[in-house]
Each structure stands twice: as C-alpha cells, then as structure tokens.
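Coordinates as given in work.txt (compact mmCIF, C-alpha atoms):
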```
# COMPACT_ATOMS: atom_id res chain seq x y z
CA MET A 1 0.00 0.00 0.00
CA LYS A 2 2.84 2.37 0.90
CA LYS A 3 4.55 1.62 -2.43
CA THR A 4 1.34 2.43 -4.32
CA ILE A 5 0.86 5.75 -2.51
CA LEU A 6 4.52 6.63 -2.98
CA LEU A 7 4.34 5.70 -6.68
CA LEU A 8 1.15 7.73 -7.22
CA SER A 9 2.66 10.73 -5.38
CA ALA A 10 5.82 10.55 -7.50
CA LEU A 11 3.72 10.23 -10.67
CA LEU A 12 1.63 13.25 -9.68
CA VAL A 13 4.74 15.38 -8.99
CA LEU A 14 6.42 14.34 -12.25
CA ASN A 15 3.22 14.95 -14.23
CA SER A 16 2.87 18.49 -12.86
CA CYS A 17 6.54 19.20 -13.67
CA VAL A 18 6.08 18.00 -17.26
CA VAL A 19 2.93 20.09 -17.71
CA ARG A 20 4.58 23.19 -16.19
CA THR A 21 7.69 22.72 -18.36
CA ALA A 22 5.58 22.19 -21.48
CA ALA A 23 3.62 25.36 -20.72
CA LYS A 24 6.89 27.32 -20.36
CA VAL A 25 8.17 25.93 -23.67
CA VAL A 26 4.98 26.90 -25.49
CA THR A 27 4.98 30.39 -23.93
CA GLY A 28 8.68 30.80 -24.68
CA ALA A 29 8.20 29.69 -28.28
CA ALA A 30 5.34 32.15 -28.73
CA THR A 31 7.44 34.99 -27.29
CA LEU A 32 10.45 34.03 -29.41
CA GLY A 33 8.27 33.81 -32.51
CA TYR A 34 6.97 37.33 -31.87
CA LYS A 35 10.46 38.76 -31.36
CA ALA A 36 12.06 36.89 -34.24
CA VAL A 37 9.58 37.89 -36.95
CA LYS A 38 7.51 41.02 -37.24
CA GLY A 39 5.56 41.55 -40.44
CA THR A 40 6.28 40.52 -43.98
CA VAL A 41 7.14 42.30 -47.20
CA ASN A 42 6.21 40.43 -50.36
CA GLY A 43 6.16 37.21 -48.35
CA ILE A 44 9.61 37.88 -46.80
CA SER A 45 9.85 38.17 -43.01
CA TRP A 46 11.56 41.08 -41.30
CA ALA A 47 14.03 39.74 -38.70
CA VAL A 48 13.71 41.75 -35.52
CA SER A 49 16.45 40.32 -33.33
CA LYS A 50 20.08 41.26 -33.92
CA ALA A 51 22.52 38.49 -34.63
CA LYS A 52 24.16 37.31 -31.45
CA GLY A 53 27.90 37.29 -31.97
CA LYS A 54 30.08 37.62 -35.03
CA ILE A 55 28.54 37.04 -38.47
CA ASP A 56 30.72 35.17 -40.95
CA GLU A 57 31.60 37.61 -43.75
CA ASP A 58 31.02 34.91 -46.40
CA ARG A 59 27.29 35.09 -45.64
CA LEU A 60 27.21 38.56 -47.26
CA ASP A 61 28.54 37.21 -50.55
CA GLY A 62 26.20 37.55 -53.52
CA THR A 63 23.64 39.85 -55.10
CA TRP A 64 20.95 41.26 -52.79
CA LYS A 65 17.73 42.90 -53.98
CA VAL A 66 16.23 45.70 -51.84
CA VAL A 67 12.63 44.66 -51.05
CA GLY A 68 11.74 46.73 -47.99
CA VAL A 69 12.65 49.99 -46.31
CA TYR A 70 11.66 51.12 -42.80
CA LYS A 71 11.70 54.82 -41.98
CA GLY A 72 13.42 54.75 -38.62
CA SER A 73 16.17 52.98 -36.72
CA PHE A 74 16.33 49.37 -35.57
CA GLU A 75 15.33 50.52 -32.07
CA ASP A 76 12.24 52.28 -33.48
CA PHE A 77 11.39 49.18 -35.51
CA SER A 78 11.67 46.80 -32.57
CA LYS A 79 9.22 48.96 -30.56
CA ASP A 80 6.79 49.55 -33.43
CA GLN A 81 3.66 47.38 -33.20
CA ASN A 82 2.74 47.78 -36.88
CA PRO A 83 5.87 48.57 -38.86
CA GLU A 84 5.19 49.75 -42.37
CA SER A 85 7.58 49.23 -45.20
CA SER A 86 6.87 51.49 -48.11
CA PHE A 87 9.38 50.95 -50.85
CA ALA A 88 9.00 51.24 -54.59
CA THR A 89 12.02 50.99 -56.82
CA GLU A 90 12.76 53.85 -59.16
CA CYS A 91 14.54 51.50 -61.56
CA THR A 92 12.80 50.89 -64.87
CA ASP A 93 12.80 47.25 -66.06
CA SER A 94 15.12 46.25 -63.17
CA PHE A 95 15.47 46.41 -59.38
CA ASP A 96 17.66 48.08 -56.75
CA GLN A 97 20.48 45.77 -55.70
CA ILE A 98 23.73 45.65 -53.75
CA VAL A 99 26.50 43.18 -54.66
CA PHE A 100 29.07 41.81 -52.20
CA LYS A 101 32.29 39.93 -53.00
CA ALA A 102 33.34 38.81 -49.54
CA LYS A 103 36.58 37.12 -50.63
CA LYS A 104 37.85 40.43 -52.03
CA SER A 105 36.15 42.59 -49.34
CA LYS A 106 34.44 44.83 -51.84
CA PHE A 107 30.88 45.71 -52.78
CA LYS A 108 28.89 47.70 -55.28
CA PRO A 109 26.57 50.16 -53.49
CA VAL A 110 22.84 50.03 -54.18
CA HIS A 111 22.17 50.60 -57.88
CA CYS A 112 19.74 49.48 -60.57
CA SER A 113 20.51 45.96 -61.76
CA SER A 114 20.65 47.25 -65.35
CA ALA A 115 23.23 49.93 -64.45
CA ASP A 116 26.83 49.47 -63.34
CA GLU A 117 28.51 50.92 -60.27
CA ASP A 118 32.14 51.10 -59.12
CA TRP A 119 33.43 48.60 -56.55
CA VAL A 120 34.07 49.94 -53.05
CA LYS A 121 36.51 48.32 -50.58
CA TYR A 122 35.12 47.59 -47.12
CA SER A 123 36.01 45.83 -43.91
CA MET A 124 33.52 43.93 -41.81
CA GLU A 125 34.02 44.17 -38.07
CA PHE A 126 32.40 42.86 -34.93
CA GLY A 127 32.80 45.29 -32.08
CA LYS A 128 31.82 48.76 -30.97
CA ASN A 129 30.39 50.56 -33.99
CA PRO A 130 31.81 54.13 -33.95
CA LEU A 131 28.51 55.49 -35.25
CA THR A 132 26.02 53.76 -32.92
CA LYS A 133 28.42 53.10 -30.00
CA GLU A 134 26.99 49.56 -29.69
CA LYS A 135 28.74 46.21 -29.98
CA GLU A 136 27.52 44.78 -33.28
CA ASN A 137 28.47 43.57 -36.74
CA TYR A 138 29.17 46.49 -39.06
CA ILE A 139 30.70 47.35 -42.40
CA GLU A 140 33.15 50.24 -42.65
CA TYR A 141 33.86 51.77 -46.06
CA ASN A 142 35.42 54.99 -47.36
CA SER A 143 37.12 55.43 -43.96
CA ASN A 144 34.17 56.92 -42.01
CA ASN A 145 30.98 55.37 -43.39
CA TYR A 146 29.29 52.58 -41.44
CA ILE A 147 26.44 50.17 -42.14
CA SER A 148 25.19 47.93 -39.32
CA VAL A 149 24.54 44.31 -40.28
CA ILE A 150 21.50 43.40 -38.19
CA ASP A 151 21.17 39.81 -39.44
CA VAL A 152 21.97 37.66 -42.48
CA ASN A 153 20.74 34.22 -43.48
CA ASN A 154 20.72 32.34 -46.78
CA LYS A 155 17.62 34.21 -48.03
CA THR A 156 17.49 37.63 -46.36
CA MET A 157 19.69 40.33 -44.90
CA VAL A 158 18.73 43.35 -42.78
CA LEU A 159 21.04 46.38 -42.85
CA GLU A 160 20.84 49.64 -40.93
CA GLY A 161 22.47 52.87 -42.02
CA ASN A 162 23.00 54.95 -45.12
CA VAL A 163 22.49 52.12 -47.61
CA MET A 164 20.53 54.23 -50.11
CA PRO A 165 21.52 57.91 -49.80
CA LYS A 166 18.55 59.03 -51.93
CA LEU A 167 16.16 57.66 -49.25
CA ALA A 168 18.17 58.77 -46.21
CA PHE A 169 16.72 62.29 -46.33
CA SER A 170 13.22 60.88 -45.82
CA GLY A 171 14.33 59.04 -42.64
CA ALA A 172 14.91 55.58 -44.14
CA LYS A 173 17.48 53.68 -42.08
CA LEU A 174 16.50 49.99 -42.01
CA TYR A 175 16.64 47.88 -45.19
CA LEU A 176 15.38 44.38 -45.94
CA LEU A 177 17.20 42.63 -48.76
CA GLU A 178 16.45 39.34 -50.50
CA LYS A 179 19.23 37.18 -51.96
CA VAL A 180 19.01 36.99 -55.75
CA ARG A 181 22.15 34.91 -56.37
```
Encoded form using structure tokens:
Amino acid sequence: MKKTILLLSALLVLNSCVVRTAAKVVTGAATLGYKAVKGTVNGISWAVSKAKGKIDEDRLDGTWKVVGVYKGSFEDFSKDQNPESSFATECTDSFDQIVFKAKKSKFKPVHCSSADEDWVKYSMEFGKNPLTKEKENYIEYNSNNYISVIDVNNKTMVLEGNVMPKLAFSGAKLYLLEKVR
C-alpha cells in the first residue's frame, strides 16, 4: 500500500513538472516567434532580433535585392507594433540591388541591376560601432561610413544605415534585402 501511494505521489509530482515545463516551452516559443519575426514584405519576413555574436563575412557574398525599407532605426522598428515598409524601386525594367564579393572585401553600393557601379573596398568588423556606440556587426567603407549588419541568413539580410543615400533624407534607415544569387 505504501509503495502504491509513494508511486502515485511521484507520478503526480512528475506529471505536474512535465505540464509546467511544457507550458513554459509553449509560452517561450510564442514569445520568441513574436520577437524573431515582425511583419512581412512580399512574403519575406523582417528579422527583428540582432545576430548574437560575429557574423561570418562569407554570408554577405552575392547579389541582394532591396525589397523593404523602414523609416526609422532598428530601435524604433523593434518597438513599433505595426511597422510599415513602403518601398517602390525607381529603376525601370530592373530592381535596386547591392552586390558583395566577400573574398575580395568589396561591394557595389545600391544601384539598378541594369546599371553598373564602381566597386568599393570595405572591412567587416564585430565590435563597438563608432557610429552607434553599440557592440555589433558592421561594415566600414570609405574610412568613415558605417552600415550595421542586423542579421543575415541564406535568403534575407537586414542592414541599418545609409544604404541608399537618396532615401536617407526621408528618414529611411532599415533595409530588408532578398538574396538573388
């Protein structure tokens, strides 16, 4: 009888622990899902969380199409409940793109895919960005220009800074890019 009561008590305690842990996992996943993705642009998710740690420079390699622009900083975006991305390319019969060649540490600034632009040397760093004074991944080019690399994966990249000077005057600071090739 004692063994049965002890066994039932242990089973009850373990069951409540499993239920409590499962509830925490579900709540944590829901919170993480909210923080990790906020809105979509043409079916592409905006990443909200900054990359934790150093981003491998090779992940930048390739041609990236600008698909979304947020008028405000990353901090503004992370606090915004309904971020709007209003971006329409001014390129005729093409799209705005930026091209990175990570092995040679150079890139072509944003330009129409039908036009050609000069290559610019850059260095990618992980540390205290002189512009934002925060520890992050950033690109330095032309000695005093900085672009923060918020996050990069095999499909999308989010950059913050003066990526497209023609839009900077209107307050655009955060850019969503989609990998073309």
Just the residues within 8 Å of A:Phe126, please, counting only C-alpha atoms, with nothing from its chain fewer than 4 positions along; format it as a PDB file with C-alpha atoms, in the coordinates of the input.
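Contents of the output file selection-v4.pdb:
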```
ATOM      1  CA  GLY A  53      27.900  37.290 -31.970  1.00  0.00           C
ATOM      2  CA  LYS A  54      30.080  37.620 -35.030  1.00  0.00           C
ATOM      3  CA  ILE A  55      28.540  37.040 -38.470  1.00  0.00           C
ATOM      4  CA  LYS A 135      28.740  46.210 -29.980  1.00  0.00           C
ATOM      5  CA  GLU A 136      27.520  44.780 -33.280  1.00  0.00           C
ATOM      6  CA  ASN A 137      28.470  43.570 -36.740  1.00  0.00           C
ATOM      7  CA  TYR A 138      29.170  46.490 -39.060  1.00  0.00           C
TER       8      TYR A 138
END
```
Need to verify the contact set: stretch 150-152 of chain A, 7 Å, only C-alpha atoms, exclusion of same-chain residues closer than 5 positions in sequence. Can you return it as a list in words?
Lys50, Ala51, Arg59, Met157, Val158, Leu159 and Glu160 of chain A
Can I get the selected residues back with C-alpha atoms, as an mmCIF file, keeping the file's coordinate frame?
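Here's the written file result.cif:
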```
data_model
loop_
_atom_site.group_PDB
_atom_site.id
_atom_site.type_symbol
_atom_site.label_atom_id
_atom_site.label_comp_id
_atom_site.auth_asym_id
_atom_site.auth_seq_id
_atom_site.Cartn_x
_atom_site.Cartn_y
_atom_site.Cartn_z
ATOM 1 C CA LYS A 50 20.080 41.260 -33.920
ATOM 2 C CA ALA A 51 22.520 38.490 -34.630
ATOM 3 C CA ARG A 59 27.290 35.090 -45.640
ATOM 4 C CA MET A 157 19.690 40.330 -44.900
ATOM 5 C CA VAL A 158 18.730 43.350 -42.780
ATOM 6 C CA LEU A 159 21.040 46.380 -42.850
ATOM 7 C CA GLU A 160 20.840 49.640 -40.930
#
```
If you count all atoms listed in the file, the residue of A:Phe74, A:Asp118, A:Arg181, A:Cys91 closest to A:Ser148 turns out to be A:Phe74
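Residue nearest A:Glu90, chosen from A:Lys2, A:Lys106, A:His111, A:Lys65 and counting only C-alpha atoms: A:His111.
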The residues within 12 Å of (19.0, 58.7, -43.8), using only C-alpha atoms and the coordinates of the file, should be reported as a PDB file with C-alpha atoms, in the coordinates of the input; which are they?
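What landed in point.pdb:
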```
ATOM      1  CA  VAL A  69      12.650  49.990 -46.310  1.00  0.00           C
ATOM      2  CA  TYR A  70      11.660  51.120 -42.800  1.00  0.00           C
ATOM      3  CA  LYS A  71      11.700  54.820 -41.980  1.00  0.00           C
ATOM      4  CA  GLY A  72      13.420  54.750 -38.620  1.00  0.00           C
ATOM      5  CA  SER A  73      16.170  52.980 -36.720  1.00  0.00           C
ATOM      6  CA  ILE A 147      26.440  50.170 -42.140  1.00  0.00           C
ATOM      7  CA  GLU A 160      20.840  49.640 -40.930  1.00  0.00           C
ATOM      8  CA  GLY A 161      22.470  52.870 -42.020  1.00  0.00           C
ATOM      9  CA  ASN A 162      23.000  54.950 -45.120  1.00  0.00           C
ATOM     10  CA  VAL A 163      22.490  52.120 -47.610  1.00  0.00           C
ATOM     11  CA  MET A 164      20.530  54.230 -50.110  1.00  0.00           C
ATOM     12  CA  PRO A 165      21.520  57.910 -49.800  1.00  0.00           C
ATOM     13  CA  LYS A 166      18.550  59.030 -51.930  1.00  0.00           C
ATOM     14  CA  LEU A 167      16.160  57.660 -49.250  1.00  0.00           C
ATOM     15  CA  ALA A 168      18.170  58.770 -46.210  1.00  0.00           C
ATOM     16  CA  PHE A 169      16.720  62.290 -46.330  1.00  0.00           C
ATOM     17  CA  SER A 170      13.220  60.880 -45.820  1.00  0.00           C
ATOM     18  CA  GLY A 171      14.330  59.040 -42.640  1.00  0.00           C
ATOM     19  CA  ALA A 172      14.910  55.580 -44.140  1.00  0.00           C
ATOM     20  CA  LYS A 173      17.480  53.680 -42.080  1.00  0.00           C
ATOM     21  CA  LEU A 174      16.500  49.990 -42.010  1.00  0.00           C
ATOM     22  CA  TYR A 175      16.640  47.880 -45.190  1.00  0.00           C
TER      23      TYR A 175
END
```
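Computed from the coordinates, the atom CA of A:Ser113 to atom CA of A:Val99 distance equals 9.7 Å.
Using all atoms listed in the file, the smallest distance between any of A:Leu177, A:Leu131, A:Met1, A:Met124 and A:Val110 comes from A:Leu177.
Atom CA of A:Ile98 is found 12.1 Å from atom CA of A:Ser114.
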Using only C-alpha atoms, which residue out of A:Asp116, A:Ser94, A:Glu75, A:Lys101 lies closest to A:Asp61?
A:Lys101
Take every atom of stretch 115-126 of chain A listed in the file, pad by 8 Å on each side, and give me the axis-aligned box centre and edge lengths in Å, one decimal, as AutoDock Vina command-line options.
```
--center_x 29.9 --center_y 47.0 --center_z -49.7 --size_x 29.3 --size_y 24.2 --size_z 45.5
```
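From atom CA of A:Asp56 back to atom CA of A:Phe95, the distance works out to 26.4 Å.
With all atoms listed in the file as the atoms that count, the residue of A:Thr156, A:Gln81, A:Thr63, A:Thr132 with the shortest distance to A:Ala102 is A:Thr63.
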